[in-house]
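What's in final.cif: mmCIF, C-alpha atoms
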data_query
loop_
_atom_site.group_PDB
_atom_site.id
_atom_site.type_symbol
_atom_site.label_atom_id
_atom_site.label_comp_id
_atom_site.auth_asym_id
_atom_site.auth_seq_id
_atom_site.Cartn_x
_atom_site.Cartn_y
_atom_site.Cartn_z
ATOM 1 C CA LEU A 1 0.083 9.690 25.920
ATOM 2 C CA SER A 2 3.692 9.027 24.898
ATOM 3 C CA VAL A 3 4.554 12.688 25.553
ATOM 4 C CA ALA A 4 2.917 12.506 28.982
ATOM 5 C CA VAL A 5 4.833 9.347 29.878
ATOM 6 C CA PHE A 6 8.226 9.938 28.219
ATOM 7 C CA GLY A 7 8.308 13.665 27.476
ATOM 8 C CA LEU A 8 9.077 15.344 24.150
ATOM 9 C CA GLN A 9 12.624 14.036 23.686
ATOM 10 C CA PRO A 10 11.709 10.697 22.060
ATOM 11 C CA TRP A 11 9.626 12.578 19.467
ATOM 12 C CA ARG A 12 12.433 15.079 18.883
ATOM 13 C CA ASP A 13 14.849 12.190 18.387
ATOM 14 C CA TYR A 14 12.488 10.395 16.033
ATOM 15 C CA LEU A 15 11.725 13.464 13.915
ATOM 16 C CA GLY A 16 15.249 14.899 14.042
ATOM 17 C CA LEU A 17 17.391 11.750 13.828
ATOM 18 C CA THR A 18 15.503 8.563 12.997
ATOM 19 C CA ALA A 19 13.107 9.798 10.297
ATOM 20 C CA PRO A 20 15.817 11.587 8.265
ATOM 21 C CA ALA A 21 18.150 8.574 8.513
ATOM 22 C CA LEU A 22 15.404 6.199 7.376
ATOM 23 C CA SER A 23 14.407 8.515 4.555
ATOM 24 C CA ALA A 24 18.008 8.707 3.330
ATOM 25 C CA LEU A 25 18.288 4.921 3.490
ATOM 26 C CA GLU A 26 15.080 4.450 1.504
ATOM 27 C CA ARG A 27 16.052 7.073 -1.106
ATOM 28 C CA SER A 28 19.660 6.042 -1.665
ATOM 29 C CA GLY A 29 20.450 2.863 0.258
ATOM 30 C CA SER A 30 20.425 -0.619 -1.139
ATOM 31 C CA GLY A 31 19.998 -4.112 0.136
ATOM 32 C CA PRO A 32 17.451 -6.856 0.643
ATOM 33 C CA PHE A 33 14.921 -4.414 2.146
ATOM 34 C CA MET A 34 14.289 -3.046 -1.349
ATOM 35 C CA VAL A 35 12.356 -6.139 -2.479
ATOM 36 C CA MET A 36 10.230 -5.982 0.675
ATOM 37 C CA ILE A 37 8.546 -2.682 -0.247
ATOM 38 C CA PRO A 38 5.540 -2.864 -2.627
ATOM 39 C CA SER A 39 5.387 0.838 -3.491
ATOM 40 C CA LEU A 40 5.787 2.517 -6.846
ATOM 41 C CA PHE A 41 8.635 4.457 -5.263
ATOM 42 C CA MET A 42 10.641 1.306 -4.561
ATOM 43 C CA ALA A 43 9.664 -0.357 -7.848
ATOM 44 C CA LEU A 44 11.184 2.657 -9.618
ATOM 45 C CA ARG A 45 14.293 2.472 -7.422
ATOM 46 C CA LEU A 46 14.642 -1.215 -8.267
ATOM 47 C CA GLU A 47 14.527 -0.238 -11.931
ATOM 48 C CA GLY A 48 17.483 2.106 -11.372
ATOM 49 C CA ILE A 49 15.700 5.440 -11.080
ATOM 50 C CA ASP A 50 17.188 8.003 -8.689
ATOM 51 C CA GLY A 51 15.525 8.055 -5.249
ATOM 52 C CA GLY A 52 14.531 11.719 -5.444
ATOM 53 C CA ILE A 53 12.910 11.311 -8.849
ATOM 54 C CA ALA A 54 11.250 8.049 -7.771
ATOM 55 C CA LEU A 55 9.829 9.765 -4.699
ATOM 56 C CA ALA A 56 8.483 12.669 -6.785
ATOM 57 C CA LEU A 57 6.829 10.266 -9.238
ATOM 58 C CA HIS A 58 5.416 8.287 -6.324
ATOM 59 C CA ALA A 59 3.997 11.490 -4.815
ATOM 60 C CA MET A 60 2.136 12.260 -8.061
ATOM 61 C CA PHE A 61 0.859 8.675 -8.217
ATOM 62 C CA ALA A 62 -0.207 8.811 -4.549
ATOM 63 C CA GLY A 63 -2.119 12.026 -5.240
ATOM 64 C CA ILE A 64 -4.048 10.344 -8.057
ATOM 65 C CA VAL A 65 -4.834 7.331 -5.844
ATOM 66 C CA PHE A 66 -5.990 9.662 -3.065
ATOM 67 C CA LEU A 67 -8.282 11.571 -5.430
ATOM 68 C CA ALA A 68 -9.720 8.280 -6.727
ATOM 69 C CA LEU A 69 -10.276 7.169 -3.143
ATOM 70 C CA LEU A 70 -12.127 10.382 -2.309
ATOM 71 C CA TRP A 71 -14.241 10.092 -5.467
ATOM 72 C CA ARG A 72 -15.261 6.513 -4.592
ATOM 73 C CA PHE A 73 -15.932 7.443 -0.970
ATOM 74 C CA PHE A 74 -18.604 9.881 -2.104
ATOM 75 C CA ARG A 75 -20.106 7.402 -4.575
ATOM 76 C CA THR A 76 -20.008 4.298 -2.343
ATOM 77 C CA GLN A 77 -22.497 3.908 0.474
ATOM 78 C CA ASP A 78 -21.325 0.529 1.760
ATOM 79 C CA ALA A 79 -19.078 0.924 4.818
ATOM 80 C CA ARG A 80 -17.243 -2.359 4.168
ATOM 81 C CA ARG A 81 -16.346 -1.347 0.635
ATOM 82 C CA ARG A 82 -15.203 2.066 1.840
ATOM 83 C CA THR A 83 -12.978 0.429 4.423
ATOM 84 C CA ALA A 84 -11.536 -1.997 1.863
ATOM 85 C CA LEU A 85 -10.848 0.917 -0.500
ATOM 86 C CA ALA A 86 -9.087 2.867 2.247
ATOM 87 C CA LEU A 87 -6.945 -0.134 3.190
ATOM 88 C CA VAL A 88 -5.786 -0.808 -0.376
ATOM 89 C CA ALA A 89 -5.260 2.908 -1.034
ATOM 90 C CA THR A 90 -3.121 3.166 2.106
ATOM 91 C CA CYS A 91 -0.815 0.475 0.729
ATOM 92 C CA LEU A 92 -0.600 2.286 -2.617
ATOM 93 C CA ILE A 93 -0.049 5.755 -1.144
ATOM 94 C CA THR A 94 2.575 4.898 1.483
ATOM 95 C CA PRO A 95 6.050 4.852 -0.110
ATOM 96 C CA TYR A 96 7.831 3.009 2.724
ATOM 97 C CA MET A 97 5.342 0.272 3.634
ATOM 98 C CA HIS A 98 6.971 -3.156 3.932
ATOM 99 C CA MET A 99 5.677 -6.613 3.121
ATOM 100 C CA TYR A 100 4.953 -7.350 6.784
ATOM 101 C CA ASP A 101 2.564 -4.368 6.892
ATOM 102 C CA LEU A 102 0.412 -5.865 4.144
ATOM 103 C CA THR A 103 -1.972 -7.618 6.530
ATOM 104 C CA LEU A 104 -4.102 -4.559 5.759
ATOM 105 C CA LEU A 105 -4.702 -6.125 2.371
ATOM 106 C CA VAL A 106 -5.897 -9.398 3.892
ATOM 107 C CA VAL A 107 -8.553 -7.436 5.770
ATOM 108 C CA ALA A 108 -9.521 -5.673 2.529
ATOM 109 C CA GLY A 109 -9.871 -9.076 0.828
ATOM 110 C CA LEU A 110 -12.072 -10.386 3.629
ATOM 111 C CA LEU A 111 -14.256 -7.283 3.438
ATOM 112 C CA LEU A 112 -14.567 -7.699 -0.325
ATOM 113 C CA LEU A 113 -15.656 -11.312 0.141
ATOM 114 C CA ARG A 114 -18.106 -10.338 2.850
ATOM 115 C CA ASN A 115 -19.540 -7.630 0.640
ATOM 116 C CA ASP A 116 -19.973 -9.965 -2.326
ATOM 117 C CA PRO A 117 -19.989 -13.520 -0.876
ATOM 118 C CA VAL A 118 -21.258 -15.309 -4.002
ATOM 119 C CA PRO A 119 -20.197 -13.381 -7.098
ATOM 120 C CA LYS A 120 -21.369 -14.687 -10.460
ATOM 121 C CA GLY A 121 -19.920 -14.667 -13.974
ATOM 122 C CA SER A 122 -17.262 -12.107 -14.733
ATOM 123 C CA ARG A 123 -17.677 -10.620 -11.252
ATOM 124 C CA LEU A 124 -16.487 -13.971 -9.840
ATOM 125 C CA VAL A 125 -13.266 -13.717 -11.882
ATOM 126 C CA LEU A 126 -12.711 -10.105 -10.784
ATOM 127 C CA VAL A 127 -13.371 -10.758 -7.093
ATOM 128 C CA ALA A 128 -11.249 -13.928 -7.122
ATOM 129 C CA SER A 129 -8.406 -12.016 -8.802
ATOM 130 C CA ALA A 130 -8.570 -9.158 -6.310
ATOM 131 C CA VAL A 131 -8.731 -11.474 -3.305
ATOM 132 C CA ALA A 132 -5.799 -13.520 -4.635
ATOM 133 C CA ILE A 133 -3.700 -10.365 -5.086
ATOM 134 C CA LEU A 134 -4.672 -9.007 -1.671
ATOM 135 C CA TRP A 135 -4.033 -12.266 0.180
ATOM 136 C CA LEU A 136 -0.812 -13.143 -1.627
ATOM 137 C CA ALA A 137 0.660 -9.624 -1.698
ATOM 138 C CA PRO A 138 3.131 -10.167 1.180
ATOM 139 C CA TYR A 139 4.614 -13.132 -0.694
ATOM 140 C CA LEU A 140 4.299 -11.684 -4.177
ATOM 141 C CA VAL A 141 6.153 -8.446 -3.433
ATOM 142 C CA TYR A 142 9.217 -10.320 -2.190
ATOM 143 C CA THR A 143 9.146 -13.047 -4.838
ATOM 144 C CA LEU A 144 8.520 -10.722 -7.782
ATOM 145 C CA GLY A 145 11.150 -8.278 -6.531
ATOM 146 C CA ASN A 146 13.745 -11.022 -6.299
ATOM 147 C CA LEU A 147 12.832 -12.150 -9.814
ATOM 148 C CA GLY A 148 13.515 -8.612 -11.083
ATOM 149 C CA MET A 149 9.816 -7.908 -11.696
ATOM 150 C CA PRO A 150 8.758 -5.201 -9.199
ATOM 151 C CA ILE A 151 5.156 -5.070 -10.495
ATOM 152 C CA MET A 152 3.377 -5.147 -7.138
ATOM 153 C CA PRO A 153 2.163 -1.532 -7.493
ATOM 154 C CA LEU A 154 0.433 -2.504 -10.753
ATOM 155 C CA LEU A 155 -1.198 -5.521 -9.112
ATOM 156 C CA LEU A 156 -2.365 -3.374 -6.189
ATOM 157 C CA VAL A 157 -3.845 -0.808 -8.595
ATOM 158 C CA ILE A 158 -5.776 -3.623 -10.276
ATOM 159 C CA ALA A 159 -7.060 -4.817 -6.882
ATOM 160 C CA PHE A 160 -7.961 -1.227 -5.928
ATOM 161 C CA LEU A 161 -9.956 -0.800 -9.133
ATOM 162 C CA ILE A 162 -11.815 -4.061 -8.540
ATOM 163 C CA VAL A 163 -12.647 -3.123 -4.937
#
Structure translated into structure tokens:
Amino acid sequence: LSVAVFGLQPWRDYLGLTAPALSALERSGSGPFMVMIPSLFMALRLEGIDGGIALALHAMFAGIVFLALLWRFFRTQDARRRTALALVATCLITPYMHMYDLTLLVVAGLLLLRNDPVPKGSRLVLVASAVAILWLAPYLVYTLGNLGMPIMPLLLVIAFLIV
């Protein structure tokens, strides 16, 4: 629809100018935006690892998350759980997602609660932990990053495993 309305030039500009500039900024730039990104890629950058190496390590990690997602998709029949898995996996796989995009995780938390509204015993602790991580993620990524503890990818992996 955008091509029909505006033509091809906006897409050419985005792919030829904007995307490369943003990619260069993410790989080698610095600033407050770095603590707003919950990815393994940015956690590695915050720890001083070169952007190219961090992106390569993130790509391997994203591949593992994607394979785990596919494996669970074939083993899980519940549509809500599948959706929650896909939402959390999206946040783990995407290297440039920002804290304001993490509303996806709130939806995943709501789906988890709807799927298991009254968990018991150890399941209660697991579900409560996952929901807390998913709901607080937008705040945690920024706070932990500013404290020099970019561990949000680890917390999201834990939530993904629980879901």
Test item: axis-aligned box, all listed atoms of segment 125-129 of chain A, 4 Å on each side, centre and edges in Å rounded to one decimal, as JSON:
{"center_x": -10.9, "center_y": -12.0, "center_z": -9.5, "size_x": 13.0, "size_y": 11.8, "size_z": 12.8}
Item to check | Atom-to-atom span, atom CA of Leu113 of chain A and atom CA of Ala128 of chain A, Å | outcome: 8.9 Å
Checklist entry - If you apply the PyMOL selection byres ((chain A and resi 69) around 12) to this file, what residues do you get, as number ranges by chain? => result A: 62-68, 70-76, 81-90, 92-93, 157, 160-161, 163
Item to check | Shell around Asp116 of chain A at 12 Å using all atoms listed in the file, local window under 6 positions removed, as a ChimeraX atom specification | outcome: /A:78,80-81,109-110,123-124,126-128,131,162-163
Checklist entry - Within 8 Å of Cys91 of chain A, counting all atoms listed in the file, which residues qualify if same-chain residues fewer than 6 places away don't, as a PyMOL selection string? => result chain A and resi 38-39+97+102+104-105
Checklist entry - Expressed in Å to a single decimal, how great is the separation between atom CA of Pro150 of chain A and atom CA of Ala43 of chain A? => result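 Interatomic distance here is 5.1 Å.
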Item to check | Proximity to Ser28 of chain A - best of A:Gly148, A:Gly51, A:Gly16, A:Gly7, all atoms listed in the file | outcome: A:Gly51
Checklist entry - How many Å lie between atom CA of Tyr142 of chain A and atom CA of Met36 of chain A, rounded to one decimal? => result 5.3 Å
Item to check | Exercise: residues within 12 Å of coordinate (17.3, 4.2, 1.6), counting all atoms listed in the file, as a PyMOL selection string | outcome: chain A and resi 19-34+37+41-42+45-46+50-52+54-55+95-96
Next on the checklist: Taking only C-alpha atoms into account, name the residue in A:Ile158, A:Val118, A:Val106, A:Leu40 that is nearest to Leu136 of chain A.
Outcome noted: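 Closest to Leu136 of chain A, using only C-alpha atoms: A:Val106.
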Checklist entry - Counting all atoms listed in the file, which of A:Val35, A:Val5, A:Leu144, A:Ile151 gets nearest to Met99 of chain A? => result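 Ranked by minimum distance to Met99 of chain A, first place goes to A:Val35.
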